[in-house]
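Novice: Sending over start27.tsv (TSV, C-alpha atoms).
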```tsv
chain	number	residue	atom	x	y	z
T	1	MET	CA	-30.04	-9.86	-2.57
T	2	ASN	CA	-33.69	-10.66	-3.24
T	3	GLN	CA	-34.00	-11.11	-6.98
T	4	ARG	CA	-37.52	-12.36	-6.67
T	5	VAL	CA	-38.73	-8.86	-5.96
T	6	ALA	CA	-36.88	-6.85	-8.56
T	7	TYR	CA	-39.82	-4.57	-9.23
T	8	LEU	CA	-41.54	-2.72	-6.45
T	9	ALA	CA	-44.61	-0.79	-7.42
T	10	LEU	CA	-47.19	0.91	-5.29
T	11	VAL	CA	-49.75	1.51	-7.96
T	12	PHE	CA	-53.03	2.51	-7.80
T	13	GLY	CA	-54.05	6.10	-7.99
T	14	LEU	CA	-56.89	8.01	-9.51
T	15	ALA	CA	-57.80	5.28	-11.96
T	16	GLY	CA	-54.08	4.92	-12.69
T	17	ALA	CA	-53.84	1.36	-11.50
T	18	VAL	CA	-57.20	0.53	-13.01
T	19	SER	CA	-56.21	1.99	-16.37
T	20	PHE	CA	-53.65	-0.77	-16.65
T	21	GLY	CA	-56.20	-3.45	-15.89
T	22	CYS	CA	-55.79	-3.40	-12.12
T	23	THR	CA	-58.54	-3.80	-9.58
T	24	ASP	CA	-58.85	-1.93	-6.32
T	25	ASP	CA	-59.64	-4.61	-3.76
T	26	ASP	CA	-57.63	-3.62	-0.74
T	27	THR	CA	-59.55	-3.97	2.49
T	28	VAL	CA	-56.65	-4.84	4.76
T	29	THR	CA	-57.02	-3.76	8.36
T	30	PRO	CA	-53.65	-2.61	9.66
T	31	GLY	CA	-52.09	-4.57	12.47
T	32	HIS	CA	-50.63	-2.04	14.83
T	33	GLY	CA	-47.04	-3.05	15.36
T	34	GLY	CA	-47.63	-6.70	14.39
T	35	ALA	CA	-45.41	-8.02	11.64
T	36	ALA	CA	-42.88	-5.27	12.13
T	37	GLY	CA	-40.90	-7.88	14.03
T	38	ALA	CA	-37.38	-6.60	13.89
T	39	ALA	CA	-38.83	-3.17	14.42
T	40	GLY	CA	-37.85	-3.57	18.00
T	41	LYS	CA	-34.22	-3.37	16.97
T	42	ALA	CA	-34.54	0.38	16.86
T	43	GLY	CA	-35.46	0.12	20.42
T	44	SER	CA	-37.91	0.59	23.13
T	45	ALA	CA	-35.30	2.89	24.64
T	46	GLY	CA	-37.58	5.73	23.53
T	47	THR	CA	-37.07	8.86	25.51
T	48	GLY	CA	-35.52	6.99	28.43
T	49	GLY	CA	-32.95	5.03	26.48
T	50	SER	CA	-30.13	7.37	27.28
T	51	SER	CA	-30.51	6.70	30.99
T	52	GLY	CA	-30.64	2.92	30.72
T	53	LYS	CA	-27.48	1.13	31.73
T	54	GLY	CA	-27.81	-1.34	28.91
T	55	GLY	CA	-29.17	1.07	26.38
T	56	SER	CA	-26.20	0.47	24.14
T	57	ALA	CA	-27.49	-3.03	23.55
T	58	ASN	CA	-30.22	-1.46	21.48
T	59	GLU	CA	-28.85	-1.83	17.96
T	60	ALA	CA	-30.24	1.44	16.66
T	61	GLY	CA	-28.52	3.48	19.38
T	62	SER	CA	-29.47	3.93	22.96
T	63	ALA	CA	-30.58	7.53	22.64
T	64	GLY	CA	-33.10	6.90	19.89
T	65	GLU	CA	-33.79	10.53	19.35
T	66	THR	CA	-32.68	10.55	15.72
T	67	SER	CA	-34.02	7.11	14.89
T	68	PRO	CA	-37.55	6.72	13.52
T	69	ALA	CA	-37.98	4.17	16.22
T	70	GLY	CA	-36.90	6.59	18.89
T	71	SER	CA	-40.01	8.68	18.47
T	72	ALA	CA	-42.14	5.65	17.73
T	73	GLY	CA	-40.72	3.82	20.70
T	74	THR	CA	-41.67	6.68	22.97
T	75	GLU	CA	-45.32	5.74	22.75
T	76	GLN	CA	-45.08	2.15	23.93
T	77	GLY	CA	-41.44	1.78	24.95
T	78	ALA	CA	-40.92	4.66	27.35
T	79	ALA	CA	-41.85	2.55	30.33
T	80	ALA	CA	-39.12	0.09	29.44
T	81	GLY	CA	-36.38	2.71	29.17
T	82	ALA	CA	-37.35	5.28	31.76
T	83	GLY	CA	-36.46	3.18	34.76
T	84	GLY	CA	-32.68	3.37	34.40
T	85	GLU	CA	-31.81	-0.20	35.22
T	86	ALA	CA	-34.44	-1.30	32.74
T	87	GLY	CA	-32.21	-0.02	29.94
T	88	SER	CA	-30.71	-3.43	29.25
T	89	ALA	CA	-34.16	-4.94	29.23
T	90	ALA	CA	-35.16	-2.35	26.65
T	91	GLY	CA	-32.30	-3.47	24.45
T	92	ALA	CA	-33.26	-7.11	24.84
T	93	GLY	CA	-36.88	-6.26	24.17
T	94	GLY	CA	-35.83	-4.52	21.00
T	95	GLU	CA	-34.08	-7.64	19.80
T	96	ALA	CA	-37.24	-9.62	20.40
T	97	GLY	CA	-39.34	-7.12	18.52
T	98	ALA	CA	-41.36	-6.21	21.60
T	99	ALA	CA	-41.37	-2.48	20.98
T	100	PRO	CA	-43.01	-1.24	17.78
T	101	LYS	CA	-40.76	0.67	15.42
T	102	TYR	CA	-43.62	2.68	13.98
T	103	SER	CA	-46.36	4.65	15.70
T	104	ALA	CA	-50.05	3.88	15.36
T	105	GLU	CA	-50.45	7.22	13.60
T	106	GLN	CA	-47.84	6.29	10.99
T	107	ILE	CA	-49.52	2.95	10.31
T	108	ASP	CA	-52.94	4.59	10.02
T	109	ARG	CA	-51.62	7.20	7.60
T	110	GLY	CA	-49.88	4.51	5.57
T	111	HIS	CA	-53.10	2.50	5.43
T	112	SER	CA	-54.93	5.55	4.09
T	113	ILE	CA	-52.30	6.06	1.39
T	114	VAL	CA	-51.88	2.42	0.37
T	115	GLY	CA	-55.54	1.47	0.65
T	116	SER	CA	-57.24	4.61	-0.66
T	117	LEU	CA	-55.15	7.44	-2.07
T	118	ALA	CA	-52.68	5.27	-3.97
T	119	LEU	CA	-54.83	2.11	-4.25
T	120	CYS	CA	-51.80	-0.17	-4.30
T	121	GLY	CA	-54.01	-3.21	-3.80
T	122	GLY	CA	-55.59	-2.61	-7.20
T	123	CYS	CA	-52.49	-4.08	-8.82
T	124	HIS	CA	-50.65	-5.80	-6.02
T	125	THR	CA	-53.48	-8.05	-4.83
T	126	ALA	CA	-54.40	-10.96	-7.10
T	127	SER	CA	-57.98	-12.18	-7.30
T	128	GLY	CA	-58.33	-14.65	-4.44
T	129	GLY	CA	-54.82	-13.91	-3.24
T	130	GLY	CA	-53.50	-12.45	-0.02
T	131	ALA	CA	-53.72	-8.70	0.41
T	132	LEU	CA	-50.74	-7.01	-1.29
T	133	GLY	CA	-49.23	-10.44	-1.91
T	134	GLY	CA	-48.54	-9.68	-5.57
T	135	ASN	CA	-50.29	-10.26	-8.86
T	136	PRO	CA	-48.70	-12.05	-11.85
T	137	GLN	CA	-51.46	-11.23	-14.32
T	138	PHE	CA	-49.96	-8.11	-15.91
T	139	ARG	CA	-47.38	-7.39	-18.57
T	140	VAL	CA	-45.11	-6.36	-15.72
T	141	PRO	CA	-46.09	-8.56	-12.75
T	142	ALA	CA	-46.96	-6.60	-9.63
T	143	PRO	CA	-44.77	-8.04	-6.87
T	144	ASN	CA	-45.42	-9.08	-3.31
T	145	LEU	CA	-45.36	-6.03	-1.03
T	146	THR	CA	-45.74	-7.85	2.27
T	147	ASN	CA	-43.04	-8.29	4.89
T	148	ASP	CA	-42.12	-11.81	3.74
T	149	VAL	CA	-38.82	-13.03	2.26
T	150	THR	CA	-40.66	-13.37	-1.06
T	151	GLY	CA	-41.74	-9.75	-0.70
T	152	ILE	CA	-39.98	-6.85	1.01
T	153	GLY	CA	-39.01	-8.79	4.13
T	154	GLU	CA	-35.28	-8.50	3.39
T	155	TRP	CA	-35.45	-4.90	2.19
T	156	THR	CA	-34.47	-2.03	4.46
T	157	ASP	CA	-36.90	0.83	4.95
T	158	GLU	CA	-34.55	3.02	2.93
T	159	GLN	CA	-34.62	0.56	0.01
T	160	VAL	CA	-38.42	0.46	0.01
T	161	ILE	CA	-38.60	4.26	0.02
T	162	ASN	CA	-36.00	4.46	-2.75
T	163	ALA	CA	-38.15	2.18	-4.90
T	164	ILE	CA	-41.29	4.18	-4.13
T	165	ARG	CA	-39.82	7.60	-4.86
T	166	ASN	CA	-36.94	6.94	-7.25
T	167	GLY	CA	-37.91	3.71	-9.00
T	168	VAL	CA	-34.77	1.82	-7.94
T	169	ASP	CA	-35.06	-1.62	-6.35
T	170	ASP	CA	-32.89	-3.27	-3.69
T	171	GLU	CA	-30.36	-4.37	-6.33
T	172	GLY	CA	-30.07	-0.95	-7.97
T	173	ARG	CA	-32.26	-1.78	-10.97
T	174	HIS	CA	-34.58	0.81	-12.49
T	175	LEU	CA	-38.26	-0.07	-12.36
T	176	ASP	CA	-40.70	0.14	-15.24
T	177	PRO	CA	-42.51	3.52	-15.10
T	178	ILE	CA	-45.83	1.69	-15.02
T	179	MET	CA	-44.92	1.99	-11.35
T	180	PRO	CA	-45.44	5.76	-11.01
T	181	TYR	CA	-42.33	6.52	-9.01
T	182	TRP	CA	-42.08	9.65	-11.14
T	183	LEU	CA	-45.20	10.82	-9.28
T	184	PHE	CA	-44.34	9.33	-5.87
T	185	HIS	CA	-41.00	11.11	-6.09
T	186	ASN	CA	-42.85	14.13	-4.70
T	187	MET	CA	-44.16	12.25	-1.66
T	188	THR	CA	-42.97	13.71	1.64
T	189	ASP	CA	-40.54	11.86	3.87
T	190	ALA	CA	-43.27	11.42	6.48
T	191	ASP	CA	-45.79	9.93	4.06
T	192	ALA	CA	-43.20	7.64	2.46
T	193	LEU	CA	-42.18	6.28	5.87
T	194	SER	CA	-45.85	5.82	6.76
T	195	VAL	CA	-46.29	3.67	3.66
T	196	VAL	CA	-43.41	1.49	4.83
T	197	ALA	CA	-44.88	1.32	8.33
T	198	TYR	CA	-48.18	0.05	6.97
T	199	LEU	CA	-46.56	-2.47	4.62
T	200	ARG	CA	-44.59	-3.89	7.56
T	201	SER	CA	-47.86	-4.34	9.47
T	202	VAL	CA	-49.73	-6.27	6.77
T	203	PRO	CA	-49.87	-10.05	7.41
T	204	PRO	CA	-46.96	-11.60	5.45
T	205	VAL	CA	-47.84	-13.55	2.33
T	206	SER	CA	-45.41	-16.16	1.00
T	207	ALA	CA	-45.76	-15.72	-2.75
T	208	GLU	CA	-43.12	-15.34	-5.42
T	209	VAL	CA	-44.52	-13.32	-8.30
T	210	GLY	CA	-42.75	-13.71	-11.61
T	211	ALA	CA	-39.09	-13.46	-12.42
T	212	ALA	CA	-36.93	-10.37	-12.15
T	213	ASN	CA	-38.15	-7.80	-14.65
T	214	PRO	CA	-35.62	-6.36	-17.10
T	215	GLU	CA	-34.15	-3.02	-16.17
T	216	VAL	CA	-35.56	-0.11	-18.13
T	217	ALA	CA	-34.45	3.46	-18.60
T	218	ALA	CA	-35.44	5.84	-15.84
T	219	VAL	CA	-37.94	8.59	-16.54
T	220	PRO	CA	-37.80	12.07	-15.00
T	221	ALA	CA	-39.90	12.98	-12.02
T	222	LEU	CA	-43.06	15.04	-12.39
T	223	ASP	CA	-42.29	18.67	-11.67
T	224	PRO	CA	-45.06	20.00	-9.39
T	225	SER	CA	-44.22	23.56	-10.41
T	226	LEU	CA	-45.64	22.77	-13.86
T	227	LEU	CA	-49.06	22.01	-12.43
T	228	PRO	CA	-51.55	24.89	-12.20
T	229	ASN	CA	-51.83	26.68	-8.89
T	230	SER	CA	-55.03	27.36	-7.01
T	231	SER	CA	-56.39	30.87	-7.41
T	232	LEU	CA	-57.08	31.15	-3.67
T	233	VAL	CA	-55.15	33.81	-1.77
T	234	SER	CA	-53.21	32.93	1.33
T	235	THR	CA	-55.79	34.57	3.60
T	236	ASP	CA	-58.61	32.33	2.30
T	237	THR	CA	-59.84	29.78	4.83
T	238	ASP	CA	-59.40	27.03	2.23
T	239	PHE	CA	-55.93	28.08	1.10
T	240	ALA	CA	-54.15	25.39	3.15
T	241	ALA	CA	-56.57	22.76	1.84
T	242	ALA	CA	-55.85	23.83	-1.74
T	243	GLN	CA	-52.09	23.48	-1.18
T	244	HIS	CA	-52.59	20.05	0.38
T	245	GLY	CA	-54.80	19.06	-2.54
T	246	LYS	CA	-52.08	20.00	-5.04
T	247	TYR	CA	-49.59	17.94	-3.06
T	248	LEU	CA	-51.90	14.91	-3.07
T	249	VAL	CA	-52.50	14.99	-6.85
T	250	SER	CA	-48.81	15.59	-7.63
T	251	GLY	CA	-47.31	13.11	-5.16
T	252	ILE	CA	-49.75	10.34	-4.24
T	253	ALA	CA	-53.15	10.20	-5.95
T	254	GLN	CA	-52.89	9.77	-9.70
T	255	CYS	CA	-55.43	12.27	-11.00
T	256	VAL	CA	-52.70	13.85	-13.09
T	257	ARG	CA	-51.72	10.49	-14.53
T	258	CYS	CA	-55.11	9.60	-16.01
T	259	HIS	CA	-56.70	12.99	-16.57
T	260	SER	CA	-53.75	14.49	-18.46
T	261	PRO	CA	-52.20	13.60	-21.82
T	262	ALA	CA	-50.10	10.48	-21.74
T	263	GLY	CA	-46.61	10.52	-20.24
T	264	PRO	CA	-44.97	9.49	-18.15
T	265	PRO	CA	-44.79	11.99	-16.77
T	266	PRO	CA	-47.31	14.34	-18.39
T	267	THR	CA	-45.87	17.76	-19.12
T	268	ALA	CA	-48.89	19.77	-20.30
T	269	GLY	CA	-52.68	19.74	-20.47
T	270	PHE	CA	-52.95	18.85	-16.80
T	271	PHE	CA	-56.41	17.60	-15.73
T	272	ALA	CA	-57.97	18.54	-19.10
T	273	GLY	CA	-58.89	14.94	-19.94
T	274	ASN	CA	-57.32	12.08	-21.81
T	275	PRO	CA	-59.20	9.92	-24.36
T	276	PRO	CA	-58.23	6.24	-24.44
T	277	ALA	CA	-55.37	5.21	-26.68
T	278	THR	CA	-57.14	2.09	-27.98
T	279	THR	CA	-60.73	2.75	-28.99
T	280	PRO	CA	-63.10	5.72	-28.63
T	281	ALA	CA	-65.77	3.32	-27.40
T	282	MET	CA	-63.91	2.98	-24.09
T	283	LYS	CA	-64.65	5.33	-21.24
T	284	TYR	CA	-61.86	7.80	-20.80
T	285	ALA	CA	-60.67	10.20	-18.14
T	286	PRO	CA	-62.64	13.43	-18.67
T	287	ASN	CA	-61.75	17.07	-18.17
T	288	ILE	CA	-61.70	17.77	-14.43
T	289	THR	CA	-60.76	21.46	-14.62
T	290	PRO	CA	-63.50	23.95	-13.69
T	291	ASP	CA	-64.38	24.72	-17.31
T	292	THR	CA	-68.13	25.33	-17.63
T	293	THR	CA	-68.40	23.73	-21.07
T	294	THR	CA	-66.30	20.59	-21.00
T	295	GLY	CA	-65.15	20.31	-17.41
T	296	ILE	CA	-66.51	20.46	-13.86
T	297	GLY	CA	-67.44	24.14	-13.86
T	298	GLY	CA	-70.11	24.76	-11.22
T	299	TRP	CA	-68.91	21.96	-8.97
T	300	SER	CA	-67.99	22.75	-5.38
T	301	ALA	CA	-65.20	21.15	-3.37
T	302	ASP	CA	-67.85	19.12	-1.58
T	303	ASP	CA	-69.19	17.88	-4.94
T	304	VAL	CA	-65.72	16.56	-5.79
T	305	LYS	CA	-65.43	15.04	-2.33
T	306	THR	CA	-68.74	13.22	-2.90
T	307	ALA	CA	-67.61	12.03	-6.31
T	308	LEU	CA	-64.47	10.55	-4.79
T	309	LYS	CA	-65.98	9.01	-1.68
T	310	VAL	CA	-69.47	8.05	-2.91
T	311	GLY	CA	-68.96	7.68	-6.65
T	312	THR	CA	-71.66	10.04	-7.94
T	313	ASP	CA	-71.37	13.27	-9.87
T	314	LYS	CA	-72.91	16.64	-9.09
T	315	ALA	CA	-76.26	15.50	-10.50
T	316	GLY	CA	-76.24	12.28	-8.45
T	317	VAL	CA	-75.38	10.09	-11.44
T	318	THR	CA	-73.09	7.15	-10.73
T	319	LEU	CA	-69.61	7.59	-12.16
T	320	CYS	CA	-68.66	4.88	-14.61
T	321	GLY	CA	-65.64	3.68	-16.49
T	322	MET	CA	-62.35	3.06	-14.72
T	323	MET	CA	-62.66	5.80	-12.09
T	324	PRO	CA	-61.99	4.02	-8.75
T	325	SER	CA	-64.39	6.12	-6.71
T	326	GLY	CA	-66.70	5.03	-3.93
T	327	ALA	CA	-66.61	1.33	-3.15
T	328	LYS	CA	-63.94	0.81	-5.82
T	329	GLY	CA	-61.35	2.40	-3.56
T	330	TYR	CA	-61.62	6.10	-2.87
T	331	GLY	CA	-64.56	5.60	-0.56
T	332	ASN	CA	-62.08	5.03	2.28
T	333	MET	CA	-60.20	8.25	1.61
T	334	THR	CA	-60.25	10.60	4.59
T	335	ASP	CA	-62.74	13.45	4.37
T	336	ALA	CA	-59.90	15.95	4.73
T	337	ASP	CA	-57.91	14.51	1.82
T	338	ALA	CA	-60.98	14.25	-0.44
T	339	TYR	CA	-62.04	17.80	0.37
T	340	ALA	CA	-58.50	19.12	-0.24
T	341	ILE	CA	-58.44	17.56	-3.70
T	342	GLY	CA	-61.85	19.13	-4.34
T	343	VAL	CA	-60.68	22.58	-3.28
T	344	TYR	CA	-57.64	22.38	-5.52
T	345	LEU	CA	-59.43	21.09	-8.63
T	346	THR	CA	-62.25	23.65	-8.38
T	347	THR	CA	-59.90	26.62	-7.99
T	348	ILE	CA	-57.39	26.00	-10.80
T	349	PRO	CA	-57.88	27.68	-14.21
T	350	GLY	CA	-60.51	26.02	-16.38
T	351	VAL	CA	-59.40	24.49	-19.68
T	352	THR	CA	-61.78	24.03	-22.59
T	353	LYS	CA	-60.95	20.63	-24.01
T	354	ALA	CA	-61.34	20.30	-27.75
T	355	GLY	CA	-62.30	16.96	-29.21
T	356	PRO	CA	-64.83	14.26	-28.30
T	357	THR	CA	-66.85	14.56	-25.12
T	358	GLN	CA	-67.24	11.76	-22.63
T	359	PRO	CA	-70.63	10.02	-22.99
T	360	ALA	CA	-72.76	10.27	-19.88
T	361	CYS	CA	-72.91	7.27	-17.61
T	362	PRO	CA	-76.25	5.56	-18.24
T	363	THR	CA	-77.52	4.65	-14.76
T	364	PRO	CA	-78.66	7.34	-12.28
T	365	ASN	CA	-77.89	6.78	-8.64
T	366	PRO	CA	-81.03	5.51	-6.83
```
Please re-express this file's structure in structure tokens.

Specialist:
Amino acid sequence: MNQRVAYLALVFGLAGAVSFGCTDDDTVTPGHGGAAGAAGKAGSAGTGGSSGKGGSANEAGSAGETSPAGSAGTEQGAAAGAGGEAGSAAGAGGEAGAAPKYSAEQIDRGHSIVGSLALCGGCHTASGGGALGGNPQFRVPAPNLTNDVTGIGEWTDEQVINAIRNGVDDEGRHLDPIMPYWLFHNMTDADALSVVAYLRSVPPVSAEVGAANPEVAAVPALDPSLLPNSSLVSTDTDFAAAQHGKYLVSGIAQCVRCHSPAGPPPTAGFFAGNPPATTPAMKYAPNITPDTTTGIGGWSADDVKTALKVGTDKAGVTLCGMMPSGAKGYGNMTDADAYAIGVYLTTIPGVTKAGPTQPACPTPNP
């Protein structure tokens, strides 16, 4: 089908993308409904499609209530379908791509995931290249993720989601686990579709990136039940935030990937730190459990939120190394997501990490 995009990877997570030499420059502003183009095929019938005489012309089904576009079309396509005789016009409008297939909320959520939580642009945007247009500079080239024929333009939404969560491309080939599908496997249906919605909205980039990568053996998915649970009880006001934080670090953000012993996927020692595999002189991912000796004991959820969004530790010292905090990427994370990660990490059991300690970053924050 499209052999030029045999490897789809949405990489970028808590220093995950950066740990493979990726950068985090992804400042794309989402275009609401723009390049979705054929999105209209699912129809502006919206809630009124069933009453339109020509609703059947809408290729995704006149009713639209079970189609992603049915709910999305409601927002901007209801006026086209609610008038009865306008049903055929709704179908024609769908063919022309007039009605957006995805809601503004889906695109915004996808932008937050792609641009901040997952930091896909860190690998999939080449220096000087178009946003998410691919990057050939790695051992496994990061392909074009834009809605162009050289990217995912000929992929269905289901194929994109299958690559994200199961590591299988549009031709049934297994992707290299440098693409952390074993983590993204735990992403919810809603978040996965939001990622697709955002990728469809990014301005298309015509760029073929490398040849088809060889198929590799699949790796198992990360089992969230292996990760430590928050100690908060269900009646605590932050309990829901802690559960959301666990979801984020086990399904989208890659804290577990860098701050746990090497995998993929890691199976033990979660968040207790991971020295570099090459040389001790490199900065490595430290212990981020609430251990008072070697971890982040004494930090509050807000301290973690600040570290993620501003890039400074509890003492106001700038974080260094490959941590993509602040302006490197996580600065655009929503306050709610950053706080949820903070609640989770500060309420799991502390682990005393034996071995070398991470040298302090040298430059205090002004």

Novice: Can you tell me which residues surround Tyr284 of chain T at a distance of at most 9 Å, considering all atoms listed in the file, apart from same-chain residues fewer than 5 positions away, and format the answer as a list of chain:residue names?

Specialist: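 Surrounding residues, per the criterion: T:Cys258, T:His259, T:Gly273, T:Asn274, T:Pro275, T:Pro276, T:Gly321, T:Met322, T:Met323, T:Gln358.
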
Novice: Please, which residues in segment 223-293 of chain T fall within 8 Å of segment 174-198 of chain T when counting only C-alpha atoms, and what is the closest atom pair and distance in Å to one decimal for each, ordered by chain then residue number, as CSV?

Specialist:
```
residue,atom,partner,partner_atom,distance
T:Pro224,CA,T:Asn186,CA,7.8
T:Tyr247,CA,T:Asn186,CA,7.9
T:Ser250,CA,T:Leu183,CA,6.2
T:Gly251,CA,T:Asn186,CA,4.6
T:Ile252,CA,T:Phe184,CA,5.7
T:Gln254,CA,T:Leu183,CA,7.8
T:Pro264,CA,T:Pro177,CA,7.1
T:Pro265,CA,T:Trp182,CA,6.7
```

Novice: Which of these residues is nearest to Pro204 of chain T, using only C-alpha atoms: T:Ala242, T:Gly122, T:Leu145, T:Asn287?

Specialist: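 Of all the options, T:Leu145 lies closest to Pro204 of chain T.
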
Novice: So, with only C-alpha atoms as the atoms that count, which of T:Pro324, T:Ser260, T:Thr318, T:Ser230 lies closest to Ile341 of chain T?

Specialist: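 The answer is T:Ser230, which sits nearest to Ile341 of chain T.
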
Novice: Could you work out how far atom CA of Asp313 of chain T lies from atom CA of Gly295 of chain T, giving the answer in Å with one decimal?

Specialist: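 Distance reported for this atom pair: 12.0 Å.
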
Novice: Choose the residue, out of T:Thr150, T:Pro143, T:Val249, T:Val160, that has the smallest atom-to-atom separation from Gly210 of chain T; count all atoms listed in the file.

Specialist: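 Nearest to Gly210 of chain T: T:Pro143.
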
Novice: Could you check the closest approach to Ile113 of chain T for each of T:Gly129, T:Gly329, T:Pro141, T:Gly151 and tell me which residue wins, using all atoms listed in the file?

Specialist: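 Among the listed residues, T:Gly329 lies closest to Ile113 of chain T.
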
Novice: Which is closest to Ile107 of chain T among T:Val202, T:Lys353, T:Gln159, T:Ala217, if we use all atoms listed in the file?

Specialist: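 The answer is T:Val202, which sits nearest to Ile107 of chain T.
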
Novice: Can you work out which one of T:His111, T:Val168, T:Val351, T:Thr312 has the shortest atom-to-atom distance to Ala272 of chain T, counting all atoms listed in the file?

Specialist: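 Counting all atoms listed in the file, the residue closest to Ala272 of chain T is T:Val351.
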
Novice: Could you give me, as a ChimeraX atom specification, the residues within 8 Å of His244 of chain T, counting all atoms listed in the file and dropping anything in the same chain fewer than 3 positions from it?

Specialist: /T:240-241,247-248,337,340-341

Novice: Counting all atoms listed in the file, what is within 9 Å of Gly130 of chain T, bar same-chain residues fewer than 4 positions away, as number ranges by chain?

Specialist: T: 125-126, 134, 203-207

Novice: Which distance in Å separates atom CA of Thr294 of chain T and atom CA of Met333 of chain T, to one decimal?

Specialist: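 So the answer is 26.5 Å.
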
Novice: May I ask for the distance between atom CA of Arg109 of chain T and atom CA of Ser225 of chain T, given in Å to one decimal place?

Specialist: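 It comes out at 25.4 Å.
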
Novice: Quick one: everything within 10 Å of Lys314 of chain T, counting only C-alpha atoms, minus sequence neighbours fewer than 4 positions away in the same chain. Send it as a ChimeraX atom specification.

Specialist: /T:296,298-300,302-304,306-307,318

Novice: Take the residues that were just selected and, keeping C-alpha atoms, output them as a PDB file, in the frame of the given file.

Specialist:
```pdb
ATOM      1  CA  ILE T 296     -66.510  20.460 -13.860  1.00  0.00           C
ATOM      2  CA  GLY T 298     -70.110  24.760 -11.220  1.00  0.00           C
ATOM      3  CA  TRP T 299     -68.910  21.960  -8.970  1.00  0.00           C
ATOM      4  CA  SER T 300     -67.990  22.750  -5.380  1.00  0.00           C
ATOM      5  CA  ASP T 302     -67.850  19.120  -1.580  1.00  0.00           C
ATOM      6  CA  ASP T 303     -69.190  17.880  -4.940  1.00  0.00           C
ATOM      7  CA  VAL T 304     -65.720  16.560  -5.790  1.00  0.00           C
ATOM      8  CA  THR T 306     -68.740  13.220  -2.900  1.00  0.00           C
ATOM      9  CA  ALA T 307     -67.610  12.030  -6.310  1.00  0.00           C
ATOM     10  CA  THR T 318     -73.090   7.150 -10.730  1.00  0.00           C
TER      11      THR T 318
END
```
